[in-house]
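Next up, final07.txt (compact mmCIF, C-alpha atoms):
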```
# COMPACT_ATOMS: atom_id res chain seq x y z
CA MET A 1 268.09 110.97 138.95
CA MET A 2 269.87 110.63 142.29
CA LYS A 3 268.09 111.79 145.44
CA ILE A 4 269.50 113.56 148.49
CA TYR A 5 267.52 113.21 151.71
CA ASP A 6 268.48 116.19 153.82
CA ALA A 7 267.51 119.44 155.52
CA PRO A 8 268.71 122.59 153.72
CA THR A 9 270.25 124.38 156.71
CA GLY A 10 271.73 121.35 158.50
CA PRO A 11 275.51 121.32 159.07
CA TYR A 12 276.00 117.71 157.90
CA PRO A 13 273.76 118.23 154.84
CA ALA A 14 275.92 121.29 154.13
CA ARG A 15 278.96 119.03 153.69
CA VAL A 16 277.33 117.12 150.85
CA ARG A 17 275.75 120.23 149.34
CA ILE A 18 279.17 121.91 149.23
CA ALA A 19 280.67 118.78 147.65
CA LEU A 20 277.88 118.79 145.04
CA GLY A 21 278.62 122.43 144.25
CA GLU A 22 282.39 121.88 144.05
CA LYS A 23 281.85 118.99 141.62
CA ASN A 24 279.15 120.89 139.70
CA LEU A 25 276.67 118.07 140.26
CA GLN A 26 273.78 120.06 141.76
CA SER A 27 271.60 119.51 138.68
CA CYS A 28 272.06 115.72 138.93
CA VAL A 29 270.20 115.38 142.22
CA GLU A 30 266.70 115.88 143.50
CA PHE A 31 266.38 116.99 147.14
CA VAL A 32 263.91 115.33 149.50
CA LEU A 33 263.24 117.25 152.72
CA VAL A 34 263.44 115.31 155.99
CA ASP A 35 261.96 117.23 158.92
CA LEU A 36 264.50 116.96 161.75
CA TRP A 37 262.28 118.89 164.16
CA LYS A 38 259.58 116.25 163.77
CA GLY A 39 262.20 113.52 164.22
CA GLU A 40 261.50 112.03 160.80
CA HIS A 41 265.12 110.85 160.70
CA LYS A 42 264.51 108.59 163.71
CA LYS A 43 261.38 106.89 162.31
CA PRO A 44 261.40 103.34 160.89
CA GLU A 45 260.85 104.48 157.31
CA PHE A 46 264.00 106.58 157.39
CA LEU A 47 266.02 104.11 159.50
CA ALA A 48 265.51 101.58 156.70
CA LYS A 49 267.48 103.99 154.49
CA ASN A 50 270.14 104.77 157.12
CA TYR A 51 270.45 102.61 160.23
CA SER A 52 272.20 105.42 162.12
CA GLY A 53 269.29 107.82 161.64
CA THR A 54 271.33 110.75 160.39
CA LEU A 55 271.20 113.12 157.46
CA PRO A 56 272.16 113.37 154.65
CA VAL A 57 271.54 110.19 152.65
CA LEU A 58 272.19 109.83 148.93
CA GLU A 59 270.01 107.42 146.95
CA LEU A 60 271.63 106.19 143.75
CA ASP A 61 269.72 105.44 140.57
CA ASP A 62 269.89 101.70 141.35
CA GLY A 63 268.22 102.24 144.73
CA THR A 64 271.41 101.97 146.81
CA PHE A 65 271.42 104.24 149.86
CA LEU A 66 274.68 105.91 150.84
CA ALA A 67 274.88 107.54 154.25
CA GLU A 68 277.80 109.28 156.01
CA CYS A 69 279.19 112.49 154.54
CA THR A 70 282.67 111.09 153.93
CA ALA A 71 281.25 108.12 152.03
CA ILE A 72 278.93 110.31 149.94
CA THR A 73 281.77 112.72 149.21
CA GLU A 74 284.06 109.84 148.15
CA TYR A 75 281.32 108.65 145.78
CA LEU A 76 280.58 112.07 144.26
CA ASP A 77 284.26 112.96 143.98
CA ALA A 78 285.09 109.74 142.11
CA LEU A 79 282.22 109.94 139.59
CA ASP A 80 284.14 111.94 136.97
CA GLY A 81 287.39 110.05 137.45
CA ALA A 82 289.13 113.26 138.53
CA PRO A 83 289.03 113.49 142.33
CA THR A 84 289.57 116.99 143.71
CA LEU A 85 288.03 116.69 147.18
CA ALA A 86 289.38 113.40 148.59
CA GLY A 87 292.90 113.48 147.16
CA GLY A 88 294.74 112.04 144.19
CA THR A 89 298.05 110.68 145.50
CA PRO A 90 298.30 108.29 148.45
CA ARG A 91 299.77 111.08 150.61
CA GLU A 92 296.95 113.49 149.69
CA LYS A 93 294.32 110.84 150.41
CA GLY A 94 295.91 110.11 153.77
CA LEU A 95 296.24 113.75 154.82
CA ILE A 96 292.74 114.72 153.66
CA HIS A 97 291.08 111.76 155.38
CA MET A 98 293.06 112.41 158.56
CA MET A 99 292.22 116.10 158.71
CA SER A 100 288.57 115.52 157.82
CA LYS A 101 288.20 112.87 160.53
CA ARG A 102 289.99 115.13 162.99
CA ALA A 103 287.58 117.94 162.09
CA GLU A 104 284.70 115.58 162.92
CA LEU A 105 286.19 114.36 166.19
CA GLU A 106 287.50 117.65 167.51
CA LEU A 107 284.94 120.09 166.15
CA LEU A 108 281.84 119.12 164.15
CA ASP A 109 280.78 116.00 166.06
CA ALA A 110 281.69 117.67 169.35
CA VAL A 111 279.39 120.63 168.57
CA SER A 112 276.69 118.17 167.53
CA VAL A 113 276.90 116.31 170.84
CA TYR A 114 276.75 119.62 172.69
CA PHE A 115 273.61 120.60 170.75
CA HIS A 116 271.82 117.28 171.22
CA HIS A 117 272.82 116.74 174.86
CA ALA A 118 273.34 120.07 176.61
CA THR A 119 270.79 122.28 174.87
CA PRO A 120 267.11 121.57 174.07
CA GLY A 121 268.40 120.25 170.74
CA LEU A 122 265.56 119.17 168.48
CA GLY A 123 263.08 119.24 171.36
CA PRO A 124 261.86 116.71 173.92
CA ASP A 125 260.08 114.46 171.42
CA VAL A 126 263.30 113.87 169.46
CA GLU A 127 265.96 114.10 172.19
CA ILE A 128 264.75 111.12 174.16
CA TYR A 129 268.10 110.63 175.90
CA GLN A 130 270.35 113.49 176.95
CA ASN A 131 273.57 113.54 178.94
CA ALA A 132 274.23 117.21 179.64
CA GLU A 133 277.58 116.66 181.34
CA TRP A 134 278.87 114.88 178.26
CA GLY A 135 277.44 117.66 176.10
CA PHE A 136 279.33 120.37 177.99
CA HIS A 137 282.50 118.26 177.88
CA GLN A 138 282.19 118.15 174.10
CA ARG A 139 281.54 121.90 173.95
CA ALA A 140 284.90 122.47 175.63
CA LYS A 141 286.51 120.04 173.20
CA ALA A 142 285.07 121.93 170.23
CA LEU A 143 286.46 125.25 171.50
CA LYS A 144 289.87 123.62 171.90
CA GLY A 145 289.47 122.20 168.41
CA MET A 146 288.91 125.70 167.03
CA HIS A 147 292.27 126.73 168.47
CA TYR A 148 293.88 123.65 166.93
CA PHE A 149 292.54 124.44 163.45
CA ASP A 150 293.52 128.08 163.92
CA GLY A 151 297.09 126.88 164.46
CA ILE A 152 296.92 124.71 161.34
CA LEU A 153 295.61 127.59 159.23
CA LYS A 154 298.41 129.88 160.38
CA SER A 155 300.81 127.78 158.33
CA ARG A 156 298.68 126.59 155.39
CA PRO A 157 296.02 128.12 153.11
CA PHE A 158 293.72 125.10 153.49
CA VAL A 159 293.05 122.54 156.22
CA ALA A 160 294.90 119.65 154.57
CA GLY A 161 297.54 121.67 152.69
CA GLU A 162 297.78 123.75 149.55
CA ALA A 163 294.39 122.96 148.03
CA PHE A 164 290.72 123.04 149.01
CA SER A 165 289.50 119.55 150.03
CA MET A 166 286.95 117.51 151.94
CA ALA A 167 288.83 118.48 155.11
CA ASP A 168 287.94 122.15 154.57
CA ILE A 169 284.33 121.13 154.02
CA THR A 170 284.24 119.30 157.35
CA VAL A 171 285.65 122.28 159.25
CA ILE A 172 283.11 124.51 157.47
CA GLY A 173 280.39 122.11 158.68
CA GLY A 174 281.77 122.47 162.19
CA LEU A 175 281.66 126.26 162.07
CA ILE A 176 278.17 126.26 160.54
CA PHE A 177 276.98 124.13 163.47
CA ALA A 178 278.90 126.28 165.95
CA GLY A 179 277.10 129.33 164.56
CA LEU A 180 273.72 127.65 165.04
CA VAL A 181 274.43 126.94 168.72
CA ALA A 182 275.97 130.35 169.44
CA LEU A 183 279.48 129.02 169.94
CA PRO A 184 281.40 131.59 167.92
CA VAL A 185 285.02 131.27 166.86
CA PRO A 186 287.08 132.97 169.58
CA ALA A 187 288.41 136.40 168.58
CA GLU A 188 292.01 135.27 169.03
CA CYS A 189 291.59 132.57 166.35
CA GLU A 190 292.37 135.05 163.59
CA ALA A 191 293.66 132.58 161.03
CA LEU A 192 290.56 130.41 161.41
CA GLN A 193 288.32 133.47 161.08
CA ALA A 194 290.15 134.72 157.99
CA TRP A 195 290.00 131.27 156.38
CA TYR A 196 286.26 130.99 157.18
CA ALA A 197 285.60 134.40 155.61
CA ARG A 198 287.41 133.19 152.47
CA MET A 199 285.45 129.93 152.46
CA GLN A 200 282.13 131.76 152.65
CA GLU A 201 282.98 133.48 149.36
CA ARG A 202 283.17 130.16 147.52
CA PRO A 203 280.03 129.67 145.38
CA SER A 204 279.61 126.10 146.71
CA VAL A 205 279.44 127.41 150.26
CA LYS A 206 277.47 130.58 149.50
CA ASN A 207 274.76 128.83 147.49
CA ARG A 208 274.40 125.65 149.51
CA VAL A 209 271.06 126.39 151.19
CA THR A 210 269.28 127.64 148.07
CA MET A 211 270.71 124.80 145.93
CA SER A 212 267.49 122.79 146.30
CA GLU A 213 265.16 125.60 145.23
CA HIS A 214 265.03 124.95 141.51
CA MET B 1 311.47 103.05 156.34
CA MET B 2 307.99 104.00 157.52
CA LYS B 3 307.19 103.80 161.23
CA ILE B 4 304.01 102.69 162.95
CA TYR B 5 303.45 103.98 166.48
CA ASP B 6 301.11 101.52 168.11
CA ALA B 7 300.43 98.86 170.75
CA PRO B 8 300.39 95.28 169.42
CA THR B 9 297.13 94.15 171.01
CA GLY B 10 295.13 97.35 170.62
CA PRO B 11 291.91 97.19 168.59
CA TYR B 12 292.62 100.34 166.57
CA PRO B 13 296.24 99.30 165.91
CA ALA B 14 294.79 95.98 164.72
CA ARG B 15 292.98 97.80 161.92
CA VAL B 16 296.22 99.11 160.45
CA ARG B 17 298.13 95.87 161.12
CA ILE B 18 295.44 93.91 159.23
CA ALA B 19 295.62 96.44 156.36
CA LEU B 20 299.42 96.04 156.27
CA GLY B 21 299.04 92.26 156.10
CA GLU B 22 296.37 92.41 153.40
CA LYS B 23 298.60 94.68 151.30
CA ASN B 24 301.72 92.63 152.10
CA LEU B 25 303.48 95.71 153.44
CA GLN B 26 304.53 94.42 156.87
CA SER B 27 308.21 94.40 155.94
CA CYS B 28 308.04 98.08 154.89
CA VAL B 29 307.37 99.38 158.39
CA GLU B 30 309.13 99.52 161.71
CA PHE B 31 306.92 99.33 164.81
CA VAL B 32 307.42 101.72 167.73
CA LEU B 33 305.67 100.71 170.95
CA VAL B 34 303.58 103.34 172.73
CA ASP B 35 302.63 102.32 176.26
CA LEU B 36 298.91 103.01 176.61
CA TRP B 37 298.85 101.94 180.26
CA LYS B 38 301.38 104.65 181.07
CA GLY B 39 299.36 107.15 179.06
CA GLU B 40 302.23 107.83 176.67
CA HIS B 41 299.67 108.62 173.97
CA LYS B 42 298.37 111.58 176.00
CA LYS B 43 301.80 113.18 176.61
CA PRO B 44 303.03 116.26 174.72
CA GLU B 45 305.67 114.36 172.76
CA PHE B 46 303.04 112.07 171.27
CA LEU B 47 300.36 114.78 170.91
CA ALA B 48 302.80 116.60 168.61
CA LYS B 49 302.51 113.56 166.31
CA ASN B 50 298.74 113.21 166.68
CA TYR B 51 296.66 116.02 168.21
CA SER B 52 293.88 113.59 169.11
CA GLY B 53 296.19 111.42 171.24
CA THR B 54 295.18 108.10 169.71
CA LEU B 55 296.97 105.10 168.23
CA PRO B 56 298.03 104.11 165.65
CA VAL B 57 300.07 106.76 163.84
CA LEU B 58 302.02 106.16 160.63
CA GLU B 59 305.17 108.20 160.04
CA LEU B 60 306.11 108.48 156.38
CA ASP B 61 309.69 108.64 155.13
CA ASP B 62 309.39 112.40 154.69
CA GLY B 63 308.42 112.84 158.35
CA THR B 64 304.69 113.33 157.72
CA PHE B 65 302.51 111.85 160.46
CA LEU B 66 299.24 110.19 159.46
CA ALA B 67 296.73 109.40 162.20
CA GLU B 68 293.24 107.88 162.01
CA CYS B 69 292.83 104.30 160.80
CA THR B 70 290.73 105.19 157.78
CA ALA B 71 293.30 107.73 156.60
CA ILE B 72 296.21 105.34 157.11
CA THR B 73 294.33 102.56 155.32
CA GLU B 74 293.53 104.89 152.39
CA TYR B 75 297.25 105.72 152.17
CA LEU B 76 298.49 102.13 152.36
CA ASP B 77 295.80 100.86 149.99
CA ALA B 78 296.67 103.44 147.34
CA LEU B 79 300.46 102.90 147.41
CA ASP B 80 300.52 100.17 144.75
CA GLY B 81 297.90 101.83 142.55
CA ALA B 82 295.61 98.82 142.97
CA PRO B 83 293.19 99.53 145.83
CA THR B 84 291.58 96.43 147.33
CA LEU B 85 290.53 97.69 150.76
CA ALA B 86 288.90 101.09 150.13
CA GLY B 87 287.15 100.35 146.83
CA GLY B 88 287.79 100.84 143.13
CA THR B 89 284.58 102.18 141.63
CA PRO B 90 282.69 105.19 143.03
CA ARG B 91 279.94 102.88 144.31
CA GLU B 92 282.44 100.58 146.04
CA LYS B 93 284.20 103.55 147.65
CA GLY B 94 280.89 104.91 148.86
CA LEU B 95 279.63 101.63 150.29
CA ILE B 96 282.95 100.73 151.94
CA HIS B 97 283.36 104.15 153.55
CA MET B 98 279.75 104.10 154.72
CA MET B 99 279.95 100.65 156.27
CA SER B 100 283.34 101.33 157.84
CA LYS B 101 282.12 104.56 159.39
CA ARG B 102 278.96 102.81 160.56
CA ALA B 103 281.12 100.10 162.15
CA GLU B 104 282.97 102.84 164.05
CA LEU B 105 279.83 104.67 165.16
CA GLU B 106 277.70 101.69 166.06
CA LEU B 107 280.30 99.23 167.32
CA LEU B 108 284.02 99.97 167.64
CA ASP B 109 283.87 103.54 168.95
CA ALA B 110 280.91 102.62 171.15
CA VAL B 111 282.88 99.78 172.78
CA SER B 112 285.83 102.15 173.19
CA VAL B 113 283.70 104.72 174.99
CA TYR B 114 282.31 101.98 177.24
CA PHE B 115 285.86 100.84 178.09
CA HIS B 116 287.20 104.33 178.79
CA HIS B 117 284.15 105.65 180.64
CA ALA B 118 282.32 102.80 182.39
CA THR B 119 285.19 100.47 183.30
CA PRO B 120 288.55 101.30 184.93
CA GLY B 121 289.84 101.65 181.37
CA LEU B 122 293.55 102.41 181.31
CA GLY B 123 293.58 103.26 185.00
CA PRO B 124 293.06 106.44 187.05
CA ASP B 125 296.23 108.17 185.87
CA VAL B 126 295.11 107.98 182.23
CA GLU B 127 291.31 108.17 182.53
CA ILE B 128 291.20 111.64 184.02
CA TYR B 129 287.60 112.22 182.99
CA GLN B 130 284.96 109.51 182.99
CA ASN B 131 281.22 109.64 182.34
CA ALA B 132 279.93 106.21 183.33
CA GLU B 133 276.35 106.84 182.26
CA TRP B 134 277.54 107.71 178.75
CA GLY B 135 279.77 104.63 178.78
CA PHE B 136 276.87 102.30 179.58
CA HIS B 137 274.73 104.03 176.96
CA GLN B 138 277.40 103.26 174.39
CA ARG B 139 277.67 99.66 175.60
CA ALA B 140 273.98 99.19 174.77
CA LYS B 141 274.55 100.83 171.40
CA ALA B 142 277.39 98.41 170.63
CA LEU B 143 275.22 95.39 171.43
CA LYS B 144 272.52 96.75 169.14
CA GLY B 145 275.22 97.31 166.53
CA MET B 146 276.20 93.65 166.72
CA HIS B 147 272.63 92.70 165.84
CA TYR B 148 272.69 95.16 162.94
CA PHE B 149 275.89 93.68 161.49
CA ASP B 150 274.51 90.19 162.05
CA GLY B 151 271.56 91.15 159.85
CA ILE B 152 273.91 92.53 157.20
CA LEU B 153 276.01 89.36 157.20
CA LYS B 154 272.94 87.17 156.76
CA SER B 155 272.66 88.48 153.22
CA ARG B 156 276.27 89.12 152.18
CA PRO B 157 279.61 87.35 152.63
CA PHE B 158 281.39 90.55 153.67
CA VAL B 159 280.36 93.74 155.46
CA ALA B 160 280.29 95.98 152.37
CA GLY B 161 279.32 93.35 149.79
CA GLU B 162 280.98 90.55 147.86
CA ALA B 163 284.61 91.26 148.77
CA PHE B 164 286.74 91.75 151.88
CA SER B 165 287.32 95.47 152.56
CA MET B 166 288.19 98.13 155.09
CA ALA B 167 284.63 97.79 156.42
CA ASP B 168 285.33 94.19 157.48
CA ILE B 169 288.52 95.37 159.17
CA THR B 170 286.59 97.96 161.19
CA VAL B 171 284.02 95.40 162.38
CA ILE B 172 286.90 93.04 163.27
CA GLY B 173 288.39 95.88 165.33
CA GLY B 174 285.06 96.26 167.08
CA LEU B 175 284.86 92.58 167.96
CA ILE B 176 288.49 92.52 169.12
CA PHE B 177 287.69 95.40 171.48
CA ALA B 178 284.43 93.73 172.56
CA GLY B 179 286.44 90.62 173.43
CA LEU B 180 288.84 92.66 175.57
CA VAL B 181 285.99 94.17 177.61
CA ALA B 182 284.04 90.90 177.95
CA LEU B 183 281.18 91.99 175.72
CA PRO B 184 280.79 88.84 173.64
CA VAL B 185 278.77 88.58 170.45
CA PRO B 186 275.28 87.40 171.51
CA ALA B 187 274.62 83.72 170.73
CA GLU B 188 271.70 84.59 168.46
CA CYS B 189 273.99 86.59 166.16
CA GLU B 190 274.98 83.48 164.24
CA ALA B 191 275.87 85.14 160.95
CA LEU B 192 278.16 87.60 162.71
CA GLN B 193 279.80 84.77 164.66
CA ALA B 194 280.32 82.66 161.53
CA TRP B 195 281.78 85.62 159.64
CA TYR B 196 284.12 86.42 162.56
CA ALA B 197 285.33 82.81 162.68
CA ARG B 198 286.12 83.05 158.96
CA MET B 199 287.88 86.37 159.44
CA GLN B 200 290.10 84.96 162.16
CA GLU B 201 291.44 82.42 159.65
CA ARG B 202 292.78 85.19 157.39
CA PRO B 203 296.57 85.43 157.75
CA SER B 204 296.37 89.23 158.13
CA VAL B 205 294.08 88.84 161.13
CA LYS B 206 295.77 85.77 162.62
CA ASN B 207 299.28 87.24 162.50
CA ARG B 208 298.54 90.82 163.43
CA VAL B 209 299.92 90.81 166.97
CA THR B 210 303.18 89.01 166.17
CA MET B 211 303.73 91.10 163.03
CA SER B 212 306.11 93.41 164.88
CA GLU B 213 308.31 90.65 166.30
CA HIS B 214 310.85 90.35 163.52
```
Spit out the file's structure as structure tokens when you get a sec.
Amino acid sequence: MMKIYDAPTGPYPARVRIALGEKNLQSCVEFVLVDLWKGEHKKPEFLAKNYSGTLPVLELDDGTFLAECTAITEYLDALDGAPTLAGGTPREKGLIHMMSKRAELELLDAVSVYFHHATPGLGPDVEIYQNAEWGFHQRAKALKGMHYFDGILKSRPFVAGEAFSMADITVIGGLIFAGLVALPVPAECEALQAWYARMQERPSVKNRVTMSEH
Amino acid sequence: MMKIYDAPTGPYPARVRIALGEKNLQSCVEFVLVDLWKGEHKKPEFLAKNYSGTLPVLELDDGTFLAECTAITEYLDALDGAPTLAGGTPREKGLIHMMSKRAELELLDAVSVYFHHATPGLGPDVEIYQNAEWGFHQRAKALKGMHYFDGILKSRPFVAGEAFSMADITVIGGLIFAGLVALPVPAECEALQAWYARMQERPSVKNRVTMSEH
């Protein structure tokens, strides 16, 4: 059985948990808790699994470790030969990867940098280097990113077009993280708010945290 | 005919130029020069093509703009129905996407941040916000990343395994950028140096800059 090393409420873990739910693969994995607040993800034992020291990590049956949400999602999405999250045609693949990467750059990763650099983050034992100015710069970028995605969602039902995809999952991850750091979606971003309300009704999104309690 | 908006010697443009060469698609695109030193990539006309203000951008025949190297590579690699750069099996896709993303995080993007934040970068008119401390932090990360990839290449012929892939292209982009900012591969990283020498013999890598002069 495959293993997922993660933390149930983490925004990056959420991306893979949502992908698992969308692909109906939740019963094919066993979850292994990594305690972020104790910095377990920065210790040598975990770094041997993922050099970058981030969650989540997927361990395959053959012992291969896959890190990075996009990579794990590509793997899970391809398993049944019928990709629904990462695109089928070349144009879909291109648009989904672009919008998902843009959601990292302009929203999710920016919120993450804000959290780890301009707030206490995971506490002094884990946050051994902080650059608060950079953190606040990224906070501003994330707010601007919310307005960008609001504009996108005024003209489309989903982030990369007409269908739910990995790009929606990445924006959801961004808004989950924004919620954790009290950086709410601005009131004027009505399309983004309406989309997020719709997303939270999806079973994969709704059940992501409790997925591991079986 | 498709268009590529780029700068011939840029490290990120190199990633797409190498992908074009590997897929033998160079005659299917027209190159449009964007002058980085004049900050053309940060002006409204270009931001309408790519919100993030980065090169390269691929314009499809239908007017769709694709930004982000990974997304463009996914598109180009899928066009002929025979992917060679982004992986065929789920496991290949997962490993290639992981290693390519890791090459961005730990090397290419780190060198880029160093260049734009802790050196004059593209000059004062373009670099309107700099955070030198963050830039030097990323420089150290990139050097550590070189040692990581050296370790990987001690045990494998290519970055993601037995075959050339998008992950090799991303590390090549990182070393191209490192060369531009005088951050050479440390002498002790012999496996990385030997791999890079081999990579520079590939026609796609050797001919990338002159590709647009036809």
Å distance separating CA of Asp6 (chain A) from CA of Glu127 (chain A), one decimal place
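Value for the CA of Asp6 (chain A)-CA of Glu127 (chain A) distance: 18.7 Å.
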Restrict the distance test to all atoms listed in the file, flag each residue of chain A within 9 Å of chain B, and return the flagged residues as a PyMOL selection string.
chain A and resi 51-52+60+64-79+81+89-99+101-102+105-106+131+133-134+148
Looking at A:Val159, A:Met1, A:Val34, A:Val29, which one is nearest to Ile172 (chain A), with distances taken over only C-alpha atoms?
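Result for the nearest residue to Ile172 (chain A): A:Val159.
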In Å to one decimal, how far is CA of Glu188 (chain A) from CA of Thr9 (chain A)?
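Atom-to-atom, CA of Thr9 (chain A) to CA of Glu188 (chain A), that is 27.3 Å.
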So how far away is CA of Ala178 (chain B) from CA of Leu108 (chain B), in Å?
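A separation of 8.0 Å between them.
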So that I can check the surroundings of Ile4 (chain B), please list as a ChimeraX atom specification every protein, DNA and RNA residue that reaches within 8 Å of it, counting all atoms listed in the file and ignoring chain neighbours fewer than 3 positions away.
/B:29-32,56-59
Name all residues at most 8 Å from region 24-27 of chain B (count only C-alpha atoms; drop same-chain ones fewer than 4 positions away) and give them as an MDAnalysis selection string.
chainID B and resid 17 20 211
For Gly39 (chain B), the closest of B:Gly151, B:Pro124, B:Gly179, B:Pro11 counting only C-alpha atoms is B:Pro124
Using all atoms listed in the file for the distances, tell me which of B:Arg139, B:Lys144, B:Lys154, B:Lys43 is nearest to Thr119 (chain B).
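Closest to Thr119 (chain B) of all the choices is B:Arg139.
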Would you kindly return, as a PyMOL selection string, each protein, DNA or RNA residue with an atom no farther than 12 Å from any atom of Ile176 (chain B), considering all atoms listed in the file and excluding same-chain residues fewer than 4 positions away?
chain B and resi 9-15+107-109+111-112+169-172+180-185+196+199-200+205-206+208-209
Which one of A:Pro44, A:Gly63, A:Gly53, A:Pro186 sits closest to Met2 (chain A) if you count all atoms listed in the file?
A:Gly63
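Comparing the minimum interatomic distances between Met146 (chain A) and each of A:Glu162, A:Glu190, A:Glu213, A:Asp125, counting only C-alpha atoms, we find that A:Glu190 sits nearest.
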Find the spatial neighbours of Lys38 (chain B), counting only C-alpha atoms, within a cut-off of 9 Å - ignore same-chain residues fewer than 5 positions away - and output them as a ChimeraX atom specification.
/B:122-123,125-126
